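As stored in input_38.pdb (PDB, C-alpha atoms and all ligand atoms):
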ATOM      1  CA  MET A   1      64.233 -34.310  -5.024  1.00  0.00           C
ATOM      2  CA  SER A   2      62.566 -30.918  -5.477  1.00  0.00           C
ATOM      3  CA  SER A   3      60.660 -29.525  -2.500  1.00  0.00           C
ATOM      4  CA  GLU A   4      58.408 -27.478  -4.779  1.00  0.00           C
ATOM      5  CA  LYS A   5      54.742 -28.215  -4.226  1.00  0.00           C
ATOM      6  CA  ILE A   6      53.076 -25.625  -6.424  1.00  0.00           C
ATOM      7  CA  LYS A   7      53.752 -23.958  -9.732  1.00  0.00           C
ATOM      8  CA  LEU A   8      52.580 -20.660 -11.149  1.00  0.00           C
ATOM      9  CA  ARG A   9      51.003 -20.684 -14.595  1.00  0.00           C
ATOM     10  CA  ALA A  10      48.863 -18.504 -16.838  1.00  0.00           C
ATOM     11  CA  LEU A  11      45.129 -18.438 -16.157  1.00  0.00           C
ATOM     12  CA  THR A  12      42.742 -19.745 -18.810  1.00  0.00           C
ATOM     13  CA  LYS A  13      39.046 -19.082 -19.402  1.00  0.00           C
ATOM     14  CA  ASP A  14      38.247 -22.638 -18.252  1.00  0.00           C
ATOM     15  CA  ASP A  15      39.681 -21.812 -14.805  1.00  0.00           C
ATOM     16  CA  ALA A  16      36.533 -19.756 -14.179  1.00  0.00           C
ATOM     17  CA  LYS A  17      34.556 -22.987 -13.695  1.00  0.00           C
ATOM     18  CA  VAL A  18      36.804 -23.795 -10.728  1.00  0.00           C
ATOM     19  CA  SER A  19      37.237 -20.306  -9.318  1.00  0.00           C
ATOM     20  CA  TRP A  20      33.763 -18.747  -9.389  1.00  0.00           C
ATOM     21  CA  PRO A  21      32.433 -20.661  -6.345  1.00  0.00           C
ATOM     22  CA  TRP A  22      35.523 -19.587  -4.356  1.00  0.00           C
ATOM     23  CA  ARG A  23      34.565 -15.959  -4.917  1.00  0.00           C
ATOM     24  CA  ASN A  24      31.359 -16.412  -2.933  1.00  0.00           C
ATOM     25  CA  THR A  25      32.950 -17.986   0.143  1.00  0.00           C
ATOM     26  CA  ASP A  26      32.960 -15.950   3.371  1.00  0.00           C
ATOM     27  CA  ALA A  27      36.783 -15.855   3.558  1.00  0.00           C
ATOM     28  CA  ILE A  28      37.263 -14.451   0.070  1.00  0.00           C
ATOM     29  CA  ARG A  29      34.273 -12.096   0.298  1.00  0.00           C
ATOM     30  CA  TYR A  30      35.365 -10.676   3.657  1.00  0.00           C
ATOM     31  CA  PHE A  31      39.161 -10.634   3.358  1.00  0.00           C
ATOM     32  CA  TYR A  32      39.787 -10.347  -0.368  1.00  0.00           C
ATOM     33  CA  SER A  33      36.975  -8.870  -2.470  1.00  0.00           C
ATOM     34  CA  GLY A  34      37.097  -5.197  -3.258  1.00  0.00           C
ATOM     35  CA  HIS A  35      33.331  -5.083  -3.854  1.00  0.00           C
ATOM     36  CA  PRO A  36      30.275  -6.578  -2.139  1.00  0.00           C
ATOM     37  CA  PHE A  37      28.628  -8.300  -5.115  1.00  0.00           C
ATOM     38  CA  PHE A  38      28.144 -12.027  -5.600  1.00  0.00           C
ATOM     39  CA  ILE A  39      29.915 -13.596  -8.571  1.00  0.00           C
ATOM     40  CA  ASN A  40      28.426 -15.973 -11.129  1.00  0.00           C
ATOM     41  CA  LEU A  41      30.194 -18.040 -13.788  1.00  0.00           C
ATOM     42  CA  GLU A  42      29.512 -15.389 -16.454  1.00  0.00           C
ATOM     43  CA  LYS A  43      31.159 -12.610 -14.423  1.00  0.00           C
ATOM     44  CA  GLU A  44      34.149 -14.783 -13.507  1.00  0.00           C
ATOM     45  CA  GLU A  45      34.637 -15.857 -17.159  1.00  0.00           C
ATOM     46  CA  ALA A  46      34.449 -12.253 -18.376  1.00  0.00           C
ATOM     47  CA  TRP A  47      36.967 -11.142 -15.732  1.00  0.00           C
ATOM     48  CA  ILE A  48      39.390 -14.014 -16.425  1.00  0.00           C
ATOM     49  CA  GLU A  49      39.086 -13.496 -20.187  1.00  0.00           C
ATOM     50  CA  LYS A  50      40.122  -9.869 -19.685  1.00  0.00           C
ATOM     51  CA  ILE A  51      43.048 -10.461 -17.324  1.00  0.00           C
ATOM     52  CA  ALA A  52      44.317 -13.699 -18.906  1.00  0.00           C
ATOM     53  CA  VAL A  53      45.571 -11.791 -21.947  1.00  0.00           C
ATOM     54  CA  SER A  54      47.186  -8.989 -19.907  1.00  0.00           C
ATOM     55  CA  ASP A  55      50.893  -8.777 -19.036  1.00  0.00           C
ATOM     56  CA  LEU A  56      51.082  -5.114 -18.039  1.00  0.00           C
ATOM     57  CA  PRO A  57      49.987  -3.358 -15.913  1.00  0.00           C
ATOM     58  CA  LEU A  58      48.438  -6.515 -14.417  1.00  0.00           C
ATOM     59  CA  THR A  59      50.018  -9.947 -14.402  1.00  0.00           C
ATOM     60  CA  SER A  60      47.953 -12.803 -13.019  1.00  0.00           C
ATOM     61  CA  PHE A  61      49.051 -16.302 -12.052  1.00  0.00           C
ATOM     62  CA  GLY A  62      47.105 -19.474 -11.507  1.00  0.00           C
ATOM     63  CA  ILE A  63      48.503 -21.397  -8.514  1.00  0.00           C
ATOM     64  CA  GLU A  64      48.526 -25.089  -9.369  1.00  0.00           C
ATOM     65  CA  GLU A  65      49.189 -27.939  -6.957  1.00  0.00           C
ATOM     66  CA  MET A  66      51.847 -30.048  -8.676  1.00  0.00           C
ATOM     67  CA  GLN A  67      50.696 -33.371  -7.245  1.00  0.00           C
ATOM     68  CA  SER A  68      47.121 -33.063  -8.559  1.00  0.00           C
ATOM     69  CA  ASN A  69      47.589 -30.503 -11.370  1.00  0.00           C
ATOM     70  CA  SER A  70      44.614 -28.671  -9.821  1.00  0.00           C
ATOM     71  CA  LEU A  71      44.114 -24.941  -9.645  1.00  0.00           C
ATOM     72  CA  ILE A  72      44.042 -24.008  -5.937  1.00  0.00           C
ATOM     73  CA  GLY A  73      44.295 -20.215  -6.004  1.00  0.00           C
ATOM     74  CA  MET A  74      45.611 -17.146  -7.770  1.00  0.00           C
ATOM     75  CA  SER A  75      48.261 -14.487  -7.232  1.00  0.00           C
ATOM     76  CA  PHE A  76      48.637 -11.095  -8.877  1.00  0.00           C
ATOM     77  CA  LEU A  77      50.998  -8.238  -9.548  1.00  0.00           C
ATOM     78  CA  LYS A  78      48.731  -5.217 -10.045  1.00  0.00           C
ATOM     79  CA  ASP A  79      49.385  -1.650 -11.175  1.00  0.00           C
ATOM     80  CA  ILE A  80      52.894  -2.540 -12.328  1.00  0.00           C
ATOM     81  CA  ASN A  81      54.682   0.796 -12.775  1.00  0.00           C
ATOM     82  CA  LEU A  82      57.847   0.592 -14.876  1.00  0.00           C
ATOM     83  CA  ILE A  83      58.968   4.129 -14.015  1.00  0.00           C
ATOM     84  CA  HIS A  84      58.897   3.735 -10.238  1.00  0.00           C
ATOM     85  CA  ARG A  85      59.374  -0.046 -10.614  1.00  0.00           C
ATOM     86  CA  THR A  86      56.622  -0.905  -8.170  1.00  0.00           C
ATOM     87  CA  ALA A  87      53.666  -3.282  -8.092  1.00  0.00           C
ATOM     88  CA  GLU A  88      50.931  -4.304  -5.696  1.00  0.00           C
ATOM     89  CA  PHE A  89      50.813  -7.983  -4.738  1.00  0.00           C
ATOM     90  CA  ALA A  90      47.651  -9.970  -3.993  1.00  0.00           C
ATOM     91  CA  ILE A  91      46.904 -13.643  -3.366  1.00  0.00           C
ATOM     92  CA  PHE A  92      44.156 -16.029  -2.379  1.00  0.00           C
ATOM     93  CA  ILE A  93      43.947 -19.766  -1.899  1.00  0.00           C
ATOM     94  CA  GLY A  94      40.419 -20.675  -2.959  1.00  0.00           C
ATOM     95  CA  ASP A  95      40.487 -24.418  -2.321  1.00  0.00           C
ATOM     96  CA  ASP A  96      40.000 -24.872   1.444  1.00  0.00           C
ATOM     97  CA  ASN A  97      41.776 -28.254   1.341  1.00  0.00           C
ATOM     98  CA  ALA A  98      44.901 -26.498   0.070  1.00  0.00           C
ATOM     99  CA  LYS A  99      45.119 -24.032   2.974  1.00  0.00           C
ATOM    100  CA  GLY A 100      47.664 -24.373   5.762  1.00  0.00           C
ATOM    101  CA  LYS A 101      50.038 -26.466   3.618  1.00  0.00           C
ATOM    102  CA  GLY A 102      52.586 -23.773   2.844  1.00  0.00           C
ATOM    103  CA  TYR A 103      51.285 -23.329  -0.708  1.00  0.00           C
ATOM    104  CA  ALA A 104      50.476 -19.639  -0.200  1.00  0.00           C
ATOM    105  CA  LYS A 105      53.983 -18.988   1.136  1.00  0.00           C
ATOM    106  CA  GLU A 106      55.590 -20.762  -1.840  1.00  0.00           C
ATOM    107  CA  ALA A 107      53.317 -18.916  -4.293  1.00  0.00           C
ATOM    108  CA  THR A 108      54.045 -15.556  -2.637  1.00  0.00           C
ATOM    109  CA  LEU A 109      57.801 -16.146  -2.817  1.00  0.00           C
ATOM    110  CA  LYS A 110      57.549 -17.311  -6.449  1.00  0.00           C
ATOM    111  CA  THR A 111      55.444 -14.287  -7.428  1.00  0.00           C
ATOM    112  CA  ILE A 112      57.803 -11.761  -5.824  1.00  0.00           C
ATOM    113  CA  THR A 113      60.803 -13.602  -7.293  1.00  0.00           C
ATOM    114  CA  PHE A 114      59.180 -13.039 -10.703  1.00  0.00           C
ATOM    115  CA  ALA A 115      58.586  -9.367  -9.817  1.00  0.00           C
ATOM    116  CA  PHE A 116      62.209  -8.747  -8.824  1.00  0.00           C
ATOM    117  CA  ASN A 117      64.109 -11.093 -11.134  1.00  0.00           C
ATOM    118  CA  ASN A 118      61.986 -11.010 -14.299  1.00  0.00           C
ATOM    119  CA  LEU A 119      60.274  -7.629 -14.221  1.00  0.00           C
ATOM    120  CA  ASN A 120      63.207  -5.928 -12.430  1.00  0.00           C
ATOM    121  CA  LEU A 121      60.866  -4.218  -9.979  1.00  0.00           C
ATOM    122  CA  HIS A 122      62.269  -2.340  -6.993  1.00  0.00           C
ATOM    123  CA  ARG A 123      59.375  -2.507  -4.526  1.00  0.00           C
ATOM    124  CA  VAL A 124      56.413  -4.832  -4.088  1.00  0.00           C
ATOM    125  CA  PHE A 125      53.722  -3.709  -1.667  1.00  0.00           C
ATOM    126  CA  LEU A 126      50.356  -4.984  -0.528  1.00  0.00           C
ATOM    127  CA  LYS A 127      47.322  -3.922   1.445  1.00  0.00           C
ATOM    128  CA  VAL A 128      45.805  -6.302   3.991  1.00  0.00           C
ATOM    129  CA  GLN A 129      42.933  -5.898   6.436  1.00  0.00           C
ATOM    130  CA  GLU A 130      44.201  -5.466   9.996  1.00  0.00           C
ATOM    131  CA  ASP A 131      41.979  -8.371  11.149  1.00  0.00           C
ATOM    132  CA  ASN A 132      43.385 -10.803   8.524  1.00  0.00           C
ATOM    133  CA  HIS A 133      45.816 -12.495  10.906  1.00  0.00           C
ATOM    134  CA  SER A 134      46.639 -15.481   8.640  1.00  0.00           C
ATOM    135  CA  ALA A 135      47.560 -13.208   5.753  1.00  0.00           C
ATOM    136  CA  ILE A 136      49.679 -10.895   7.928  1.00  0.00           C
ATOM    137  CA  LYS A 137      51.565 -13.927   9.318  1.00  0.00           C
ATOM    138  CA  LEU A 138      52.067 -15.204   5.773  1.00  0.00           C
ATOM    139  CA  TYR A 139      53.469 -11.862   4.595  1.00  0.00           C
ATOM    140  CA  GLU A 140      55.752 -11.527   7.631  1.00  0.00           C
ATOM    141  CA  LYS A 141      57.102 -15.018   6.901  1.00  0.00           C
ATOM    142  CA  CYS A 142      57.811 -13.803   3.361  1.00  0.00           C
ATOM    143  CA  HIS A 143      59.721 -10.786   4.808  1.00  0.00           C
ATOM    144  CA  PHE A 144      57.251  -8.033   3.962  1.00  0.00           C
ATOM    145  CA  LYS A 145      57.541  -5.193   6.484  1.00  0.00           C
ATOM    146  CA  LYS A 146      54.620  -3.232   7.930  1.00  0.00           C
ATOM    147  CA  GLU A 147      54.844   0.384   6.816  1.00  0.00           C
ATOM    148  CA  GLY A 148      51.633   1.989   8.006  1.00  0.00           C
ATOM    149  CA  THR A 149      47.910   1.870   8.595  1.00  0.00           C
ATOM    150  CA  LEU A 150      45.131   3.102   6.342  1.00  0.00           C
ATOM    151  CA  ARG A 151      42.467   3.976   8.896  1.00  0.00           C
ATOM    152  CA  GLU A 152      38.879   2.756   8.335  1.00  0.00           C
ATOM    153  CA  CYS A 153      39.757   2.070   4.736  1.00  0.00           C
ATOM    154  CA  VAL A 154      37.248  -0.622   3.757  1.00  0.00           C
ATOM    155  CA  TYR A 155      33.603  -1.184   4.723  1.00  0.00           C
ATOM    156  CA  LYS A 156      32.902  -4.841   5.474  1.00  0.00           C
ATOM    157  CA  ASN A 157      29.864  -6.462   7.102  1.00  0.00           C
ATOM    158  CA  GLY A 158      28.560  -3.227   8.597  1.00  0.00           C
ATOM    159  CA  HIS A 159      31.757  -1.692   9.906  1.00  0.00           C
ATOM    160  CA  TYR A 160      34.926   0.020   8.727  1.00  0.00           C
ATOM    161  CA  VAL A 161      38.181  -1.917   8.946  1.00  0.00           C
ATOM    162  CA  ASN A 162      41.752  -0.593   8.942  1.00  0.00           C
ATOM    163  CA  GLU A 163      44.156  -1.823   6.292  1.00  0.00           C
ATOM    164  CA  VAL A 164      47.889  -2.300   6.797  1.00  0.00           C
ATOM    165  CA  ILE A 165      50.408  -1.480   4.062  1.00  0.00           C
ATOM    166  CA  MET A 166      53.307  -3.920   3.857  1.00  0.00           C
ATOM    167  CA  ALA A 167      56.211  -3.933   1.395  1.00  0.00           C
ATOM    168  CA  ILE A 168      59.459  -5.635   0.455  1.00  0.00           C
ATOM    169  CA  LEU A 169      62.283  -3.967  -1.477  1.00  0.00           C
ATOM    170  CA  LYS A 170      64.465  -5.785  -4.001  1.00  0.00           C
ATOM    171  CA  ASN A 171      67.642  -5.321  -1.922  1.00  0.00           C
ATOM    172  CA  GLU A 172      65.913  -6.859   1.128  1.00  0.00           C
ATOM    173  CA  PHE A 173      64.752  -9.751  -1.034  1.00  0.00           C
ATOM    174  CA  LEU A 174      68.247 -10.311  -2.484  1.00  0.00           C
ATOM    175  CA  LEU A 175      69.724 -10.476   1.031  1.00  0.00           C
ATOM    176  CA  LEU A 176      67.500 -13.492   1.708  1.00  0.00           C
ATOM    177  CA  SER A 177      68.978 -15.648  -1.050  1.00  0.00           C
TER     178      SER A 177
HETATM  179  C1  LIG B 201      45.817 -15.724   3.592  1.00  0.00           C
HETATM  180  C2  LIG B 201      45.968 -17.050   2.878  1.00  0.00           C
HETATM  181  C3  LIG B 201      46.491 -16.815   1.462  1.00  0.00           C
HETATM  182  C4  LIG B 201      46.988 -17.902   3.676  1.00  0.00           C
HETATM  183  O1  LIG B 201      47.024 -19.185   3.112  1.00  0.00           O
HETATM  184  P1  LIG B 201      47.618 -20.431   3.920  1.00  0.00           P
HETATM  185  O2  LIG B 201      47.310 -21.632   3.119  1.00  0.00           O
HETATM  186  O3  LIG B 201      47.177 -20.412   5.332  1.00  0.00           O
HETATM  187  O4  LIG B 201      49.161 -20.097   3.938  1.00  0.00           O
HETATM  188  P2  LIG B 201      50.406 -21.085   4.139  1.00  0.00           P
HETATM  189  O5  LIG B 201      49.946 -22.464   4.494  1.00  0.00           O
HETATM  190  O6  LIG B 201      51.301 -20.947   2.957  1.00  0.00           O
HETATM  191  O7  LIG B 201      51.098 -20.449   5.433  1.00  0.00           O
HETATM  192  C5  LIG B 201      52.028 -19.396   5.305  1.00  0.00           C
HETATM  193  C6  LIG B 201      52.743 -19.129   6.610  1.00  0.00           C
HETATM  194  O8  LIG B 201      51.890 -18.370   7.471  1.00  0.00           O
HETATM  195  C7  LIG B 201      51.716 -19.055   8.706  1.00  0.00           C
HETATM  196  N1  LIG B 201      50.323 -18.866   9.122  1.00  0.00           N
HETATM  197  C8  LIG B 201      49.236 -18.881   8.330  1.00  0.00           C
HETATM  198  N2  LIG B 201      48.144 -18.656   9.086  1.00  0.00           N
HETATM  199  C9  LIG B 201      48.560 -18.490  10.362  1.00  0.00           C
HETATM  200  C10 LIG B 201      47.917 -18.215  11.591  1.00  0.00           C
HETATM  201  N3  LIG B 201      46.587 -18.052  11.669  1.00  0.00           N
HETATM  202  N4  LIG B 201      48.680 -18.093  12.721  1.00  0.00           N
HETATM  203  C11 LIG B 201      50.015 -18.259  12.644  1.00  0.00           C
HETATM  204  N5  LIG B 201      50.689 -18.519  11.503  1.00  0.00           N
HETATM  205  C12 LIG B 201      49.969 -18.639  10.374  1.00  0.00           C
HETATM  206  C13 LIG B 201      52.016 -20.497   8.427  1.00  0.00           C
HETATM  207  O9  LIG B 201      52.479 -21.157   9.589  1.00  0.00           O
HETATM  208  C14 LIG B 201      53.084 -20.413   7.360  1.00  0.00           C
HETATM  209  O10 LIG B 201      54.385 -20.208   7.871  1.00  0.00           O
HETATM  210  P3  LIG B 201      55.468 -21.424   7.923  1.00  0.00           P
HETATM  211  O11 LIG B 201      55.565 -21.980   6.535  1.00  0.00           O
HETATM  212  O12 LIG B 201      56.728 -20.763   8.356  1.00  0.00           O
HETATM  213  O13 LIG B 201      54.876 -22.374   8.888  1.00  0.00           O
HETATM  214  C15 LIG B 201      44.625 -17.845   2.802  1.00  0.00           C
HETATM  215  O14 LIG B 201      44.132 -18.037   4.109  1.00  0.00           O
HETATM  216  C16 LIG B 201      43.554 -17.137   1.969  1.00  0.00           C
HETATM  217  O15 LIG B 201      43.547 -17.255   0.763  1.00  0.00           O
HETATM  218  N6  LIG B 201      42.649 -16.418   2.646  1.00  0.00           N
HETATM  219  C17 LIG B 201      41.519 -15.745   1.971  1.00  0.00           C
HETATM  220  C18 LIG B 201      41.944 -14.617   1.026  1.00  0.00           C
HETATM  221  C19 LIG B 201      42.931 -13.662   1.677  1.00  0.00           C
HETATM  222  O16 LIG B 201      42.796 -13.333   2.842  1.00  0.00           O
HETATM  223  N7  LIG B 201      43.900 -13.233   0.888  1.00  0.00           N
HETATM  224  C20 LIG B 201      44.856 -12.230   1.329  1.00  0.00           C
HETATM  225  C21 LIG B 201      44.252 -10.878   1.205  1.00  0.00           C
HETATM  226  S1  LIG B 201      45.399  -9.610   1.665  1.00  0.00           S
END

Transcribe the structure of this file into structure tokens.
Amino acid sequence: MSSEKIKLRALTKDDAKVSWPWRNTDAIRYFYSGHPFFINLEKEEAWIEKIAVSDLPLTSFGIEEMQSNSLIGMSFLKDINLIHRTAEFAIFIGDDNAKGKGYAKEATLKTITFAFNNLNLHRVFLKVQEDNHSAIKLYEKCHFKKEGTLRECVYKNGHYVNEVIMAILKNEFLLLS
């Protein structure tokens, strides 16, 4: 029997109905959002409509729980560069009931497998706030290595926060399998 619990799939405009409330939760606003603004259904639909038809330089994935066929989060490969063969990874689990079940780890591994084995990328990196302990643990479990600190890089809730750069190279990833 397969141990897979989630699958990656393309996003659709209808997913916005599920995902826009996630965008306004404290966890996503503090740890994930690159801007401070609240999101309504119209903004989420416009954003999904734009990215859902993009392959390069941004590929987005809906993370779907296989048991319920429900969208529980999203993962991304951003700024895919086919000269340097690099991309920036990002993920969130929006459905609180789907957190802590290993779904983010499976989705991260599936997304970087796609990056290395389908896009033939060489390096996948990410930026994570230094105080995002769950995400750093997740990335360490997926064999990303810490490479450095971007000091006082983002302004959140009245103070500057450091970000950590983490990355995994294709040869390190291949050694795991
Ligand atoms: C970060 C996030 C994706 C993690 O999701 P999750 O559902 O907790 O992750 P998983 O259940 O797949 O856990 C992944 C691994 O990290 C470990 N882990 C997660 N949180 C942990 C914590 N606080 N302490 C120790 N280990 C932790 C788990 O034990 C698991 O390892 P294991 O499978 O070997 O046991 C989720 O909390 C989220 O979406 N947060 C808001 C948005 C965000 O921060 N995105 C990342 C921005 S860089």

Handout entry: Residue IDs satisfying the PyMOL selection byres (((not hetatm)) within 9 of (chain B and resi 201)), as a PyMOL selection string
Key = chain A and resi 26-33+73-74+89-108+126-129+132-142

Exercise for the section: Taking the file above as input, evaluate the PyMOL selection byres (((chain A and resi 114) around 12) and not hetatm) and report the hits as a ChimeraX atom specification. Expected result: /A:8-9,59-61,75-77,87,89,107-113,115-122,124,170,173

Exercise for the section: Work out how far apart CA of Ser2 in chain A and CA of Gly62 in chain A are and give it in Å to one decimal. Expected result: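 Pair CA of Ser2 in chain A / CA of Gly62 in chain A returns 20.2 Å.
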
Give me the residues near Ile80 in chain A as a compact mmCIF listing (two decimals) with C-alpha atoms, keeping the file's coordinate frame, where near means some atom within 8 Å (using all atoms listed in the file) and where sequence neighbours in that chain fewer than 3 positions away do not count.
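So selection-v5.txt came out as:
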# COMPACT_ATOMS: atom_id res chain seq x y z
CA LEU A 56 51.08 -5.11 -18.04
CA PRO A 57 49.99 -3.36 -15.91
CA LEU A 58 48.44 -6.52 -14.42
CA LEU A 77 51.00 -8.24 -9.55
CA ARG A 85 59.37 -0.05 -10.61
CA THR A 86 56.62 -0.90 -8.17
CA ALA A 87 53.67 -3.28 -8.09
CA GLU A 88 50.93 -4.30 -5.70

Practice task
Provide the CA of Glu65 in chain A to CA of Glu4 in chain A distance in Å, to one decimal place.
Solution key: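 Value for the CA of Glu65 in chain A-CA of Glu4 in chain A distance: 9.5 Å.
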
Handout entry: Distance of CA of Arg123 in chain A from CA of Met166 in chain A, expressed in Å to one decimal place
Key = 10.4 Å

Please identify every residue of range 46-99 of chain A that has at least one atom no farther than 12 Å from an atom of range 13-17 of chain A, counting all atoms listed in the file, and for each give the shortest atom pair and the distance in Å to one decimal, arranged by chain then increasing number, as a Markdown table.
| residue | atom | partner | partner_atom | distance |
| --- | --- | --- | --- | --- |
| A:Ala46 | CA | A:Lys13 | CA | 8.3 |
| A:Trp47 | CA | A:Ala16 | CA | 8.8 |
| A:Ile48 | CA | A:Lys13 | CA | 5.9 |
| A:Glu49 | CA | A:Lys13 | CA | 5.6 |
| A:Lys50 | CA | A:Lys13 | CA | 9.3 |
| A:Ile51 | CA | A:Lys13 | CA | 9.7 |
| A:Ala52 | CA | A:Lys13 | CA | 7.6 |
| A:Val53 | CA | A:Lys13 | CA | 10.1 |
| A:Phe61 | CA | A:Asp15 | CA | 11.2 |
| A:Gly62 | CA | A:Asp15 | CA | 8.5 |
| A:Ile63 | CA | A:Asp15 | CA | 10.8 |
| A:Glu64 | CA | A:Asp15 | CA | 10.9 |
| A:Ser70 | CA | A:Asp15 | CA | 9.8 |
| A:Leu71 | CA | A:Asp15 | CA | 7.5 |
| A:Ile72 | CA | A:Asp15 | CA | 10.1 |
| A:Gly73 | CA | A:Asp15 | CA | 10.1 |
| A:Met74 | CA | A:Asp15 | CA | 10.3 |
| A:Gly94 | CA | A:Ala16 | CA | 11.9 |

Residues near Glu152 in chain A, cut-off 10 Å, all atoms listed in the file, skip fewer than 6 positions along chain, as a short mmCIF file (atom, residue, chain, number, x, y, z; two decimals) with C-alpha atoms, in the coordinates of the input:
data_model
loop_
_atom_site.label_atom_id
_atom_site.label_comp_id
_atom_site.auth_asym_id
_atom_site.auth_seq_id
_atom_site.Cartn_x
_atom_site.Cartn_y
_atom_site.Cartn_z
CA GLN A 129 42.93 -5.90 6.44
CA GLU A 130 44.20 -5.47 10.00
CA HIS A 159 31.76 -1.69 9.91
CA TYR A 160 34.93 0.02 8.73
CA VAL A 161 38.18 -1.92 8.95
CA ASN A 162 41.75 -0.59 8.94
CA GLU A 163 44.16 -1.82 6.29
#

Practice task
Evaluate the PyMOL selection byres (((chain A and resi 148) around 7) and not hetatm) on the structure here and hand back the selected residues as JSON, numbers by chain.
Solution key: {"A": [146, 147, 149, 150, 164, 165]}

Output as lines of an AutoDock Vina configuration file the centre and edge lengths (Å, one decimal) of the box along x, y and z of the file that holds every listed atom of range 39-56 of chain A after adding 5 Å on each side.
center_x = 39.8
center_y = -11.6
center_z = -15.3
size_x = 32.7
size_y = 22.9
size_z = 23.4

Problem - Best match for closeness to Leu174 in chain A among A:His143, A:Lys78, A:Lys5, A:Lys156, counting all atoms listed in the file - result: A:His143

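By only C-alpha atoms, and with residues fewer than 4 positions from Trp20 in chain A along its chain excluded, the set lying at most 10 Å from it is Asp15, Ala16, Asn24, Thr25, Phe38, Ile39, Asn40, Leu41, Glu42, Lys43, Glu44, Glu45 and Gly94 of chain A.
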